[in-house]
Structures are given as C-alpha cells and as structure tokens.
file final-v2.tsv (TSV, C-alpha atoms)
chain	number	residue	atom	x	y	z
A	1	MET	CA	0.00	0.00	0.00
A	2	ARG	CA	1.45	3.35	-1.07
A	3	ASP	CA	1.97	6.19	1.38
A	4	ALA	CA	2.46	9.93	0.82
A	5	VAL	CA	5.48	11.49	2.48
A	6	ILE	CA	6.82	15.02	2.59
A	7	VAL	CA	10.46	15.12	1.55
A	8	ASP	CA	10.96	18.86	1.88
A	9	ALA	CA	9.11	22.11	2.55
A	10	VAL	CA	10.25	25.62	1.77
A	11	ARG	CA	8.83	29.13	1.76
A	12	THR	CA	9.83	32.67	1.01
A	13	PRO	CA	9.99	35.25	3.76
A	14	ILE	CA	6.60	36.97	3.71
A	15	ALA	CA	6.49	40.57	2.51
A	16	LYS	CA	4.04	43.41	2.96
A	17	GLY	CA	1.35	43.09	0.32
A	18	LYS	CA	1.29	46.67	-0.83
A	19	PRO	CA	3.39	49.09	-2.90
A	20	GLY	CA	6.71	49.46	-1.14
A	21	GLY	CA	6.70	45.86	0.06
A	22	ALA	CA	9.81	43.83	-0.69
A	23	TYR	CA	8.15	41.84	-3.49
A	24	HIS	CA	6.02	44.52	-5.11
A	25	GLN	CA	8.28	44.55	-8.17
A	26	VAL	CA	8.25	40.73	-8.44
A	27	HIS	CA	5.71	39.23	-10.83
A	28	PRO	CA	3.56	36.67	-8.93
A	29	VAL	CA	4.50	33.93	-11.39
A	30	ASP	CA	8.19	34.56	-10.67
A	31	LEU	CA	7.49	34.67	-6.92
A	32	HIS	CA	5.87	31.23	-7.16
A	33	ALA	CA	8.76	29.98	-9.29
A	34	TYR	CA	11.29	30.72	-6.52
A	35	VAL	CA	9.94	27.96	-4.26
A	36	LEU	CA	9.52	25.48	-7.13
A	37	ARG	CA	13.12	25.95	-8.17
A	38	ALA	CA	14.32	25.81	-4.56
A	39	LEU	CA	12.62	22.45	-3.97
A	40	ALA	CA	14.35	20.97	-7.01
A	41	GLU	CA	17.75	22.44	-6.16
A	42	ARG	CA	17.69	21.62	-2.44
A	43	ASN	CA	16.89	17.98	-3.17
A	44	ARG	CA	19.02	17.54	-6.30
A	45	LEU	CA	15.87	16.58	-8.16
A	46	ASP	CA	15.67	16.39	-11.91
A	47	PRO	CA	12.53	18.52	-12.53
A	48	GLY	CA	11.66	16.28	-15.45
A	49	GLU	CA	10.66	13.60	-12.93
A	50	ILE	CA	7.89	15.76	-11.47
A	51	ASP	CA	4.47	14.44	-12.44
A	52	ASP	CA	2.55	17.60	-11.58
A	53	VAL	CA	2.71	20.92	-9.79
A	54	ILE	CA	-0.49	21.69	-7.88
A	55	GLY	CA	-0.62	25.31	-6.79
A	56	GLY	CA	-3.07	27.34	-4.75
A	57	ILE	CA	-3.88	30.92	-5.73
A	58	VAL	CA	-6.88	32.91	-4.50
A	59	GLY	CA	-6.87	36.02	-6.70
A	60	GLN	CA	-6.97	34.23	-10.06
A	61	VAL	CA	-7.19	37.38	-12.15
A	62	GLY	CA	-4.73	39.55	-14.04
A	63	GLU	CA	-1.15	38.46	-13.42
A	64	GLN	CA	-2.37	35.49	-11.37
A	65	SER	CA	-4.78	34.20	-14.02
A	66	THR	CA	-4.49	31.70	-16.88
A	67	ASN	CA	-3.37	28.75	-14.73
A	68	ALA	CA	-0.51	30.69	-13.13
A	69	THR	CA	0.89	27.52	-11.52
A	70	ARG	CA	1.71	26.07	-14.94
A	71	LEU	CA	3.38	29.36	-15.83
A	72	ALA	CA	5.35	29.27	-12.58
A	73	ALA	CA	6.70	25.82	-13.48
A	74	LEU	CA	7.86	27.22	-16.80
A	75	ALA	CA	9.35	30.30	-15.13
A	76	ALA	CA	11.21	27.98	-12.73
A	77	GLY	CA	12.92	26.37	-15.73
A	78	PHE	CA	11.10	23.04	-15.44
A	79	PRO	CA	10.81	21.03	-18.66
A	80	GLU	CA	7.75	21.76	-20.78
A	81	SER	CA	6.61	18.19	-20.08
A	82	VAL	CA	5.86	19.08	-16.42
A	83	PRO	CA	2.19	20.11	-16.09
A	84	GLY	CA	0.71	22.45	-13.53
A	85	VAL	CA	-2.76	23.13	-12.20
A	86	THR	CA	-4.17	25.93	-10.06
A	87	VAL	CA	-6.79	25.28	-7.38
A	88	ASP	CA	-9.03	27.65	-5.45
A	89	ARG	CA	-10.38	26.77	-2.04
A	90	GLN	CA	-9.93	30.37	-1.00
A	91	CYS	CA	-7.43	30.73	1.88
A	92	GLY	CA	-7.05	26.95	2.03
A	93	SER	CA	-5.98	26.64	-1.59
A	94	SER	CA	-2.42	25.40	-1.03
A	95	GLN	CA	-3.52	23.21	1.87
A	96	GLN	CA	-5.97	21.66	-0.57
A	97	ALA	CA	-3.08	21.35	-3.03
A	98	LEU	CA	-1.26	19.23	-0.44
A	99	SER	CA	-4.36	17.06	0.00
A	100	PHE	CA	-4.66	16.55	-3.76
A	101	ALA	CA	-0.94	15.76	-4.00
A	102	ALA	CA	-1.11	13.16	-1.23
A	103	GLN	CA	-4.26	11.60	-2.67
A	104	GLY	CA	-2.66	11.37	-6.11
A	105	VAL	CA	0.50	9.75	-4.74
A	106	ILE	CA	-1.44	7.21	-2.65
A	107	ALA	CA	-3.67	6.38	-5.62
A	108	GLY	CA	-0.68	5.84	-7.89
A	109	SER	CA	-1.50	8.72	-10.22
A	110	TYR	CA	1.68	10.52	-9.15
A	111	ASP	CA	5.14	9.42	-8.08
A	112	LEU	CA	6.59	12.88	-7.49
A	113	VAL	CA	4.47	15.99	-7.11
A	114	ILE	CA	4.88	19.51	-5.75
A	115	ALA	CA	2.09	21.08	-3.67
A	116	SER	CA	2.55	24.82	-3.52
A	117	GLY	CA	0.89	28.20	-3.37
A	118	ALA	CA	1.56	31.85	-3.99
A	119	GLU	CA	-0.11	35.22	-3.69
A	120	SER	CA	0.94	38.73	-4.60
A	121	MET	CA	-1.54	40.94	-2.82
A	122	SER	CA	0.49	44.03	-3.69
A	123	ARG	CA	0.01	43.44	-7.43
A	124	VAL	CA	-3.36	41.66	-7.33
A	125	PRO	CA	-5.22	43.28	-4.40
A	126	ILE	CA	-7.61	41.22	-2.31
A	127	GLY	CA	-11.05	41.04	-3.89
A	128	SER	CA	-9.81	41.77	-7.42
A	129	SER	CA	-11.27	38.56	-8.80
A	130	ALA	CA	-14.76	39.63	-7.67
A	131	LEU	CA	-14.69	42.89	-9.61
A	132	VAL	CA	-16.26	43.60	-12.99
A	133	ASP	CA	-15.49	47.00	-14.55
A	134	GLY	CA	-14.32	48.21	-11.14
A	135	ALA	CA	-17.53	47.27	-9.32
A	136	ARG	CA	-18.14	44.25	-7.12
A	137	ALA	CA	-19.79	41.44	-9.07
A	138	ASP	CA	-22.89	39.58	-7.90
A	139	VAL	CA	-20.81	36.51	-7.09
A	140	GLY	CA	-23.61	34.60	-5.37
A	141	GLY	CA	-26.47	35.18	-7.76
A	142	PRO	CA	-30.20	34.93	-7.00
A	143	GLY	CA	-29.99	31.33	-5.80
A	144	VAL	CA	-27.66	32.21	-2.93
A	145	GLU	CA	-29.68	35.36	-2.18
A	146	ARG	CA	-32.86	33.31	-1.82
A	147	ARG	CA	-31.19	30.92	0.58
A	148	TYR	CA	-29.36	33.62	2.55
A	149	PRO	CA	-31.44	36.83	2.42
A	150	GLY	CA	-29.14	39.81	2.44
A	151	GLY	CA	-26.39	37.75	0.84
A	152	LEU	CA	-23.02	36.66	2.15
A	153	ILE	CA	-20.92	39.03	4.23
A	154	PRO	CA	-17.31	40.22	4.51
A	155	GLN	CA	-15.00	38.03	6.58
A	156	GLY	CA	-14.38	40.86	9.02
A	157	ILE	CA	-18.07	40.92	9.94
A	158	ALA	CA	-17.98	37.16	10.46
A	159	ALA	CA	-15.00	37.66	12.79
A	160	GLU	CA	-17.06	40.21	14.74
A	161	LEU	CA	-20.01	37.81	15.00
A	162	ILE	CA	-17.65	35.11	16.31
A	163	ALA	CA	-16.24	37.46	18.94
A	164	ARG	CA	-19.78	38.33	20.01
A	165	GLN	CA	-21.02	34.72	20.11
A	166	TRP	CA	-18.07	33.47	22.18
A	167	GLY	CA	-17.98	36.58	24.35
A	168	PHE	CA	-14.39	37.59	23.65
A	169	SER	CA	-13.31	41.00	24.86
A	170	ARG	CA	-11.25	43.43	22.85
A	171	ALA	CA	-8.41	42.90	25.34
A	172	GLN	CA	-8.48	39.13	24.70
A	173	LEU	CA	-8.21	39.65	20.94
A	174	ASP	CA	-5.36	42.12	21.33
A	175	GLU	CA	-3.51	39.96	23.86
A	176	PHE	CA	-3.65	36.99	21.50
A	177	SER	CA	-2.30	39.18	18.68
A	178	ALA	CA	0.54	40.63	20.72
A	179	THR	CA	1.57	37.09	21.65
A	180	SER	CA	1.64	36.13	17.97
A	181	HIS	CA	4.13	38.92	17.25
A	182	GLN	CA	6.27	38.01	20.26
A	183	ARG	CA	6.37	34.33	19.32
A	184	ALA	CA	7.22	35.12	15.69
A	185	ALA	CA	10.00	37.51	16.64
A	186	ASP	CA	11.44	34.94	19.07
A	187	ALA	CA	11.24	32.20	16.43
A	188	TRP	CA	13.29	34.25	13.98
A	189	LYS	CA	15.76	35.22	16.70
A	190	GLN	CA	16.26	31.56	17.64
A	191	GLY	CA	16.70	30.46	14.00
A	192	HIS	CA	13.56	28.34	13.83
A	193	PHE	CA	12.77	29.44	10.27
A	194	ASP	CA	16.28	29.48	8.81
A	195	ALA	CA	16.15	26.03	7.16
A	196	GLN	CA	12.71	26.69	5.70
A	197	ILE	CA	13.54	29.84	3.77
A	198	THR	CA	14.49	30.54	0.18
A	199	PRO	CA	15.41	34.22	-0.15
A	200	VAL	CA	13.81	36.62	-2.61
A	201	ASN	CA	15.12	40.16	-3.13
A	202	ASP	CA	17.36	39.76	-0.07
A	203	LEU	CA	14.40	39.91	2.33
A	204	ALA	CA	15.81	38.37	5.52
A	205	VAL	CA	12.72	38.05	7.76
A	206	ASP	CA	8.94	38.21	7.50
A	207	GLU	CA	8.19	41.86	6.91
A	208	THR	CA	5.07	42.36	9.03
A	209	ILE	CA	6.38	41.14	12.40
A	210	ARG	CA	6.37	43.90	15.02
A	211	PRO	CA	8.51	42.77	17.98
A	212	GLY	CA	7.56	45.83	20.01
A	213	THR	CA	3.80	45.34	19.70
A	214	THR	CA	1.93	45.43	23.00
A	215	VAL	CA	-1.68	45.09	24.10
A	216	GLU	CA	-1.65	48.81	24.88
A	217	ILE	CA	-0.48	49.74	21.37
A	218	LEU	CA	-3.04	47.44	19.75
A	219	GLY	CA	-5.73	48.86	22.01
A	220	GLY	CA	-5.31	52.25	20.35
A	221	LEU	CA	-6.44	51.00	16.93
A	222	ARG	CA	-9.94	51.68	15.67
A	223	PRO	CA	-12.33	48.88	14.68
A	224	ALA	CA	-11.88	48.10	10.99
A	225	PHE	CA	-15.37	46.99	9.97
A	226	ALA	CA	-17.80	49.08	12.05
A	227	HIS	CA	-20.84	50.31	10.12
A	228	PRO	CA	-24.41	50.87	11.34
A	229	SER	CA	-25.89	48.92	8.43
A	230	TRP	CA	-24.72	45.62	9.92
A	231	ALA	CA	-26.65	46.27	13.14
A	232	GLU	CA	-29.87	46.32	11.09
A	233	ARG	CA	-29.19	42.76	10.01
A	234	PHE	CA	-27.41	41.20	12.99
A	235	GLY	CA	-28.33	43.38	15.94
A	236	GLU	CA	-25.95	45.41	18.05
A	237	ILE	CA	-22.26	44.63	17.62
A	238	ASP	CA	-19.63	45.85	20.08
A	239	TRP	CA	-16.99	46.38	17.41
A	240	LYS	CA	-13.67	44.76	18.37
A	241	VAL	CA	-11.92	43.55	15.20
A	242	THR	CA	-9.09	45.83	14.12
A	243	ALA	CA	-6.16	45.73	11.72
A	244	GLY	CA	-4.06	44.76	14.73
A	245	ASN	CA	-5.99	41.61	15.67
A	246	SER	CA	-6.45	40.53	12.06
A	247	SER	CA	-3.95	39.19	9.53
A	248	PRO	CA	-2.36	41.76	7.22
A	249	VAL	CA	-2.22	41.61	3.42
A	250	ASN	CA	0.95	39.99	2.11
A	251	ASP	CA	3.04	38.59	-0.72
A	252	GLY	CA	4.69	35.18	-0.46
A	253	ALA	CA	5.02	31.62	-1.72
A	254	ALA	CA	5.56	28.16	-0.23
A	255	GLY	CA	5.81	24.58	-1.47
A	256	LEU	CA	6.27	20.94	-0.47
A	257	LEU	CA	7.75	17.97	-2.31
A	258	VAL	CA	5.54	14.88	-1.94
A	259	THR	CA	6.27	11.29	-2.98
A	260	THR	CA	6.16	7.75	-1.55
A	261	GLY	CA	8.53	6.39	1.06
A	262	GLU	CA	9.87	3.86	-1.43
A	263	ILE	CA	10.59	6.46	-4.11
A	264	ALA	CA	12.17	8.76	-1.52
A	265	GLU	CA	14.54	5.94	-0.50
A	266	ARG	CA	15.41	5.32	-4.14
A	267	HIS	CA	16.46	8.99	-4.45
A	268	GLY	CA	18.42	8.94	-1.22
A	269	TRP	CA	15.97	11.25	0.56
A	270	ARG	CA	14.92	10.87	4.17
A	271	PRO	CA	11.16	11.47	4.39
A	272	ARG	CA	10.41	14.12	6.99
A	273	ALA	CA	6.72	13.40	7.57
A	274	ARG	CA	3.80	11.34	6.36
A	275	VAL	CA	0.55	12.92	5.26
A	276	HIS	CA	-1.57	11.00	7.75
A	277	THR	CA	-5.17	12.23	7.25
A	278	VAL	CA	-6.83	15.04	5.28
A	279	THR	CA	-10.34	16.40	5.16
A	280	ALA	CA	-12.43	19.36	4.05
A	281	VAL	CA	-15.82	20.44	5.37
A	282	GLY	CA	-18.55	22.92	4.63
A	283	ASP	CA	-20.12	25.05	7.34
A	284	ASP	CA	-22.39	28.09	7.79
A	285	PRO	CA	-21.34	30.57	5.07
A	286	ILE	CA	-22.44	33.53	7.18
A	287	MET	CA	-20.37	32.72	10.27
A	288	MET	CA	-18.00	31.42	7.61
A	289	LEU	CA	-14.80	31.14	9.63
A	290	THR	CA	-15.99	28.57	12.17
A	291	GLY	CA	-15.56	25.65	9.76
A	292	ILE	CA	-12.23	24.83	11.38
A	293	ILE	CA	-14.12	23.50	14.43
A	294	PRO	CA	-16.01	20.68	12.63
A	295	ALA	CA	-13.01	20.16	10.32
A	296	THR	CA	-10.81	19.43	13.33
A	297	ALA	CA	-13.37	17.02	14.79
A	298	LYS	CA	-13.71	15.24	11.45
A	299	VAL	CA	-10.00	14.84	10.75
A	300	LEU	CA	-9.35	13.55	14.28
A	301	ALA	CA	-12.18	11.02	13.97
A	302	ARG	CA	-10.87	9.81	10.62
A	303	ALA	CA	-7.37	9.50	12.03
A	304	GLY	CA	-8.54	7.67	15.15
A	305	LEU	CA	-6.86	10.29	17.32
A	306	GLY	CA	-7.93	12.64	20.09
A	307	ILE	CA	-7.04	16.28	20.59
A	308	GLY	CA	-4.56	15.22	23.29
A	309	ASP	CA	-2.65	13.07	20.79
A	310	ILE	CA	-1.63	16.11	18.75
A	311	ASP	CA	1.76	17.58	19.64
A	312	ALA	CA	1.55	20.81	17.64
A	313	PHE	CA	-1.18	22.83	15.95
A	314	GLU	CA	-1.10	25.43	13.20
A	315	VAL	CA	-4.41	27.29	13.06
A	316	ASN	CA	-4.48	30.12	10.56
A	317	GLU	CA	-4.76	33.47	12.29
A	318	ALA	CA	-7.05	35.16	9.82
A	319	PHE	CA	-8.53	36.89	12.88
A	320	ALA	CA	-7.76	36.43	16.57
A	321	SER	CA	-11.41	35.65	17.34
A	322	VAL	CA	-11.33	32.65	14.99
A	323	VAL	CA	-8.43	30.89	16.74
A	324	LEU	CA	-9.79	31.72	20.20
A	325	ALA	CA	-13.19	30.21	19.29
A	326	TRP	CA	-11.44	27.11	17.92
A	327	GLN	CA	-9.43	26.74	21.13
A	328	ALA	CA	-12.55	27.14	23.25
A	329	GLU	CA	-14.46	24.45	21.32
A	330	THR	CA	-11.67	21.90	20.83
A	331	GLY	CA	-9.96	22.19	24.21
A	332	ALA	CA	-6.55	22.32	22.53
A	333	ASP	CA	-3.65	23.39	24.74
A	334	PRO	CA	-2.86	27.04	23.77
A	335	ALA	CA	0.81	26.34	24.47
A	336	LYS	CA	0.83	23.98	21.46
A	337	VAL	CA	-0.97	26.36	19.07
A	338	ASN	CA	1.06	28.51	16.64
A	339	VAL	CA	4.15	28.30	18.83
A	340	ASP	CA	6.27	30.19	16.27
A	341	GLY	CA	3.64	32.87	15.79
A	342	GLY	CA	0.84	32.95	13.26
A	343	ALA	CA	-0.54	34.92	10.36
A	344	ILE	CA	-1.32	38.00	12.45
A	345	ALA	CA	2.45	38.48	12.74
A	346	LEU	CA	4.02	36.36	9.99
A	347	GLY	CA	1.48	37.38	7.35
A	348	HIS	CA	-1.22	35.77	5.25
A	349	PRO	CA	-0.40	35.61	1.52
A	350	LEU	CA	-3.70	33.92	0.77
A	351	GLY	CA	-2.85	31.20	-1.75
A	352	ALA	CA	0.45	30.39	-0.05
A	353	SER	CA	-0.76	30.17	3.53
A	354	GLY	CA	-1.77	26.49	3.61
A	355	ALA	CA	1.67	25.42	2.38
A	356	ARG	CA	3.26	27.91	4.78
A	357	LEU	CA	1.37	26.38	7.71
A	358	ALA	CA	2.58	22.90	6.70
A	359	THR	CA	6.16	24.14	6.42
A	360	THR	CA	6.01	25.75	9.86
A	361	LEU	CA	4.27	22.74	11.42
A	362	LEU	CA	6.89	20.35	10.09
A	363	GLY	CA	9.64	22.50	11.57
A	364	VAL	CA	7.94	22.61	14.98
A	365	LEU	CA	7.51	18.82	15.10
A	366	GLU	CA	11.14	18.24	14.16
A	367	ARG	CA	12.41	20.74	16.71
A	368	THR	CA	10.27	19.47	19.59
A	369	GLY	CA	10.29	15.77	18.74
A	370	GLY	CA	6.51	15.68	18.43
A	371	ARG	CA	4.84	12.94	16.43
A	372	TYR	CA	1.52	14.35	15.20
A	373	GLY	CA	0.77	17.83	13.92
A	374	LEU	CA	-2.59	19.24	12.88
A	375	GLN	CA	-3.18	22.28	10.72
A	376	THR	CA	-6.51	23.84	9.87
A	377	MET	CA	-7.60	26.79	7.77
A	378	CYS	CA	-10.80	28.85	7.73
A	379	GLU	CA	-11.98	29.85	4.27
A	380	ALA	CA	-14.38	32.30	2.65
A	381	GLY	CA	-17.78	30.83	1.91
A	382	GLY	CA	-17.80	28.60	4.99
A	383	THR	CA	-15.39	25.80	4.07
A	384	ALA	CA	-12.34	24.60	5.98
A	385	ASN	CA	-9.45	22.19	5.53
A	386	ALA	CA	-7.81	20.12	8.25
A	387	THR	CA	-4.67	18.02	7.82
A	388	ILE	CA	-2.73	15.75	10.16
A	389	ILE	CA	0.92	14.99	9.42
A	390	GLU	CA	3.08	12.46	11.24
A	391	ARG	CA	6.76	13.18	11.74
A	392	LEU	CA	9.02	10.37	10.55

call {"tool": "encode", "arguments": {"input": "final-v2.tsv", "output": "structure tokens"}}
result
Amino acid sequence: MRDAVIVDAVRTPIAKGKPGGAYHQVHPVDLHAYVLRALAERNRLDPGEIDDVIGGIVGQVGEQSTNATRLAALAAGFPESVPGVTVDRQCGSSQQALSFAAQGVIAGSYDLVIASGAESMSRVPIGSSALVDGARADVGGPGVERRYPGGLIPQGIAAELIARQWGFSRAQLDEFSATSHQRAADAWKQGHFDAQITPVNDLAVDETIRPGTTVEILGGLRPAFAHPSWAERFGEIDWKVTAGNSSPVNDGAAGLLVTTGEIAERHGWRPRARVHTVTAVGDDPIMMLTGIIPATAKVLARAGLGIGDIDAFEVNEAFASVVLAWQAETGADPAKVNVDGGAIALGHPLGASGARLATTLLGVLERTGGRYGLQTMCEAGGTANATIIERL
C-alpha cells in the first residue's frame, strides 16, 4: 500500500502586500517559481521527474490568471513536459493542493508531485477577482440570495459575529495578537525558520512582524469593519476587530515535495513526515470562519486520534477571534498552538498560507520531537481544511 510522504518544505519570507513591500516589483509567477526551483535544487531533483505541480492561488485574475501555476513551473525552468494546475479553495488553496498531492500519490497517479501556493496581494489586491469593470460582481447570484437573504458578508463581519457569540473582549483579541508577534519575533531570533527559507530580493525576515507590539499599542487602533448597516441585520455589535488583531495583506510563496517512502529511498531522501489524514468540510457561510471547528473534529475522527494526541497545531490566524473560538471548542492546549507565531504576525499571503502552515508545522515537530501535527484553515464561503501529518 502506497503512502504519501513530505520530503521537503520551503517558503519565502513573507512581505508586505502593498506598494513598497519587498516583493512589489516581483511578478507573482516569478514569486511562485522561486519555491519550485528551490525544492528541485535543495533535493538535487531532476525537474523532469515531477508528475505535476499543484498550486493554490486565490486572486486568479490579471497576473495570477491563466493557470498561473503552470506558468510558474515554466518560469522555474522546469521542462515543458511538467504540467501544472491551479486550485481555489480560498485561503485553504495550497492546503488543498497538499491534499490533492497526497491523494494522487497514494492512488498511484503521481510518483513525485509539488504542492505549492503563492499570492501577490500588492500586485493583485484582495477582492480583485470579484470585480467587474471596477464594481463588485454579484458573485452569489439569485440562488444564494434566496437561501441567505441579504447575501453573504465580509469576513471581518464574520469575525465580529464570532467574537460576540463566544464573548471575547477586545483585550483578549489584542492579547492573542501581541503574543503572535512576540512568538514570531522569538522564532526568527532563535533560528527556527532558517532552514525553511528561500530568499527573494534579499528579504531576511517576514516583513510584518512587530517585535515591540503590546496590548496597549493594539488597544489604540480603531475597529476596521464598524458600520451601522450591519446592526440592522445582525443586531448590536460591540466592534472589536481591528487591523491589529487581524492578519495583514501579504506577498509570499511556499511549497512541499511529496512522494512515496519507497521512491524517496530510491532517491536517497529521508522522508520528513507522512501525510496522515486530510479532510475538508462545509459550514455556515455567514459565520463562515468557524468551519475549522467541525473540520478538526472530522479529521481527528478519521485518524482515530484525540485532541490530546496532537503535539503541535497550526491554526491560521485570519482573525484572533477565529483561533480563540477554535481553542474554546476543541480544548486544545494554547501552548501547542502557533508556537512560532501565526498569520497576524508572519502574514497571510492567501494562496500560499496552507503550504506555509505545513512548512512551519513540520519545523515545529522536528524541533520538539513531536509525532503528530494538525493544521486547519478557515476559508471564505464557509469551508475549511484540516490536515494531520506524522513526523518520521
């Protein structure tokens, strides 16, 4: 029976996703190509052996359109015989790419495959793919409107509804966020990310980490999504979600090399982890970001594991309220969650974040000697991915 193992994982440092950010002058296809090329070079792999490159990209418009993953493989110098495909499960796109890669390897459709992701939010701003002639498109249509009167909502409003439902205070959100920055800064200082990084434009560290951030500084920021129109639909909201307790916009790329244990041995590679169990779920598209709670329950049940069996967690910090709600519902030990910081500090280059979580999680397991790691990602529209890897 074939298995799916991760041979290597690499990412770029994450840059600010706006003009002036370190990667603003880098075409997103070239940004993606950096990690593809690095995986081949680091592992002395003949790129012609790669059966497919599966890449996650969220803003599939403009420079990130036209199956940009295939173009990234070409930009990386891979032979023309190497195909590429771009997937979109919103923020979980490259985590889904890892699931597809593992499934293909186990099924025998692939022997060697790269699961990757990239996003240039400085060149393709968030929401660009939902615009038509500069105005927001009716992406749901009348069928969705009939089922959800008033239509779907921005993720920031969902984060506010989560904070209200679970009763989180503004101080709790800001304290969680300050901790993310402190953990990320400490992780860089202690060299935790050094082996995971392929440099681009000489950027040495993730660009949005603020080591000096405190709860008091974050407490001075204004709510980002407050508007009286939402109270008409959802009732009174004590606005708490700010730019400081949310993930920033970013540019970055990440990728993983996936194969079987037998093929890895043939190439002289030591597999670093096994893709143990994967799942995806759908959940309420209004609350939207709570899908990680049932996704975690489902992946643990499929794996035959309990929350106490997991040695490290990577839960995407789209918003502080999302991770706090997940912790409250799952009972996970906060000391095992995002120990090297999360997206609030490190950044959230949408299509790359799933692969970035896997890269970080693998590093944490290897450093701590843990066996099982679980990553989960909330996604627009009310879906979520959850993945368990087993360190080898």

call {"tool": "closest_residue", "arguments": {"input": "final-v2.tsv", "among": "A:Ala115, A:Leu36, A:Ala384, A:Gln60", "to": "Asp284 in chain A", "atoms": "all atoms listed in the file"}}
result
A:Ala384

call {"tool": "residues_around", "arguments": {"input": "final-v2.tsv", "residues": "range 69-74 of chain A", "least_positions_apart": "4", "cutoff": "12 Å", "atoms": "all atoms listed in the file", "output": "PyMOL selection string"}}
result
chain A and resi 27-40+47-48+50-58+60+63-65+78-88+94+97+113-119+253+255+351-352

call {"tool": "atom_distance", "arguments": {"input": "final-v2.tsv", "atom1": "CA of Ala264 in chain A", "atom2": "CA of Cys91 in chain A"}}
result
29.6 Å

call {"tool": "closest_residue", "arguments": {"input": "final-v2.tsv", "among": "A:Lys240, A:Arg164, A:Arg11, A:His24", "to": "Asn201 in chain A", "atoms": "all atoms listed in the file"}}
result
A:His24

call {"tool": "atom_distance", "arguments": {"input": "final-v2.tsv", "atom1": "CA of Arg183 in chain A", "atom2": "CA of Ala15 in chain A"}}
result
17.9 Å

call {"tool": "axis_aligned_box", "arguments": {"input": "final-v2.tsv", "around": "range 358-369 of chain A", "padding_each_side": "4 Å", "output": "JSON"}}
result
{"center_x": 7.5, "center_y": 20.8, "center_z": 13.0, "size_x": 17.8, "size_y": 18.0, "size_z": 21.2}

call {"tool": "atom_distance", "arguments": {"input": "final-v2.tsv", "atom1": "CA of Leu365 in chain A", "atom2": "CA of Gly212 in chain A"}}
result
27.5 Å

call {"tool": "residues_around", "arguments": {"input": "final-v2.tsv", "residues": "Ala4 in chain A", "least_positions_apart": "5", "cutoff": "6 Å", "atoms": "only C-alpha atoms", "output": "ChimeraX atom specification"}}
result
/A:102,105-106,259-260,274-275

call {"tool": "residues_around", "arguments": {"input": "final-v2.tsv", "residues": "Arg272 in chain A", "least_positions_apart": "4", "cutoff": "8 Å", "atoms": "all atoms listed in the file", "output": "number ranges by chain"}}
result
A: 5-8, 362, 391-392

call {"tool": "closest_residue", "arguments": {"input": "final-v2.tsv", "among": "A:Gly342, A:Pro154, A:Gly244, A:Gly354", "to": "Val215 in chain A", "atoms": "only C-alpha atoms"}}
result
A:Gly244

call {"tool": "residues_around", "arguments": {"input": "final-v2.tsv", "residues": "Asn316 in chain A", "least_positions_apart": "6", "cutoff": "9 Å", "atoms": "only C-alpha atoms", "output": "PyMOL selection string"}}
result
chain A and resi 322-323+338+342-344+348+353-354+357+375-378

call {"tool": "write_last_selection", "arguments": {"input": "final-v2.tsv", "atoms": "C-alpha atoms", "output": "short mmCIF file (atom, residue, chain, number, x, y, z; two decimals), in the frame of the given file"}}
result
data_model
loop_
_atom_site.label_atom_id
_atom_site.label_comp_id
_atom_site.auth_asym_id
_atom_site.auth_seq_id
_atom_site.Cartn_x
_atom_site.Cartn_y
_atom_site.Cartn_z
CA VAL A 322 -11.33 32.65 14.99
CA VAL A 323 -8.43 30.89 16.74
CA ASN A 338 1.06 28.51 16.64
CA GLY A 342 0.84 32.95 13.26
CA ALA A 343 -0.54 34.92 10.36
CA ILE A 344 -1.32 38.00 12.45
CA HIS A 348 -1.22 35.77 5.25
CA SER A 353 -0.76 30.17 3.53
CA GLY A 354 -1.77 26.49 3.61
CA LEU A 357 1.37 26.38 7.71
CA GLN A 375 -3.18 22.28 10.72
CA THR A 376 -6.51 23.84 9.87
CA MET A 377 -7.60 26.79 7.77
CA CYS A 378 -10.80 28.85 7.73
#

call {"tool": "closest_residue", "arguments": {"input": "final-v2.tsv", "among": "A:Glu160, A:Asp3, A:Asp186, A:Glu262", "to": "Gln103 in chain A", "atoms": "only C-alpha atoms"}}
result
A:Asp3

call {"tool": "residues_near_point", "arguments": {"input": "final-v2.tsv", "point": "(-9.0, 15.4, 8.1)", "cutoff": "6 Å", "atoms": "all atoms listed in the file", "output": "PyMOL selection string"}}
result
chain A and resi 277-279+298-299+386-387

call {"tool": "residues_near_point", "arguments": {"input": "final-v2.tsv", "point": "(-8.1, 11.5, 18.3)", "cutoff": "12 Å", "atoms": "only C-alpha atoms", "output": "JSON, numbers by chain"}}
result
{"A": [277, 296, 297, 298, 299, 300, 301, 302, 303, 304, 305, 306, 307, 308, 309, 310, 311, 330, 332, 372, 373, 374, 388]}

call {"tool": "decode", "arguments": {"input": "final-v2.tsv", "residues": "range 145-173 of chain A", "atoms": "C-alpha atoms", "output": "mmCIF file, in the first residue's frame"}}
result
data_model
loop_
_atom_site.group_PDB
_atom_site.id
_atom_site.type_symbol
_atom_site.label_atom_id
_atom_site.label_comp_id
_atom_site.auth_asym_id
_atom_site.auth_seq_id
_atom_site.Cartn_x
_atom_site.Cartn_y
_atom_site.Cartn_z
ATOM 1 C CA GLU A 145 -29.677 35.361 -2.181
ATOM 2 C CA ARG A 146 -32.855 33.313 -1.824
ATOM 3 C CA ARG A 147 -31.195 30.917 0.585
ATOM 4 C CA TYR A 148 -29.357 33.625 2.545
ATOM 5 C CA PRO A 149 -31.441 36.826 2.424
ATOM 6 C CA GLY A 150 -29.140 39.807 2.443
ATOM 7 C CA GLY A 151 -26.394 37.749 0.839
ATOM 8 C CA LEU A 152 -23.017 36.665 2.153
ATOM 9 C CA ILE A 153 -20.916 39.026 4.225
ATOM 10 C CA PRO A 154 -17.307 40.224 4.511
ATOM 11 C CA GLN A 155 -15.002 38.035 6.577
ATOM 12 C CA GLY A 156 -14.382 40.860 9.016
ATOM 13 C CA ILE A 157 -18.071 40.924 9.938
ATOM 14 C CA ALA A 158 -17.980 37.158 10.455
ATOM 15 C CA ALA A 159 -15.002 37.655 12.790
ATOM 16 C CA GLU A 160 -17.055 40.212 14.741
ATOM 17 C CA LEU A 161 -20.006 37.811 14.999
ATOM 18 C CA ILE A 162 -17.654 35.111 16.309
ATOM 19 C CA ALA A 163 -16.242 37.462 18.938
ATOM 20 C CA ARG A 164 -19.778 38.328 20.012
ATOM 21 C CA GLN A 165 -21.024 34.724 20.109
ATOM 22 C CA TRP A 166 -18.074 33.467 22.179
ATOM 23 C CA GLY A 167 -17.978 36.576 24.345
ATOM 24 C CA PHE A 168 -14.386 37.589 23.650
ATOM 25 C CA SER A 169 -13.313 41.004 24.863
ATOM 26 C CA ARG A 170 -11.251 43.434 22.854
ATOM 27 C CA ALA A 171 -8.414 42.897 25.344
ATOM 28 C CA GLN A 172 -8.475 39.128 24.703
ATOM 29 C CA LEU A 173 -8.205 39.650 20.941
#
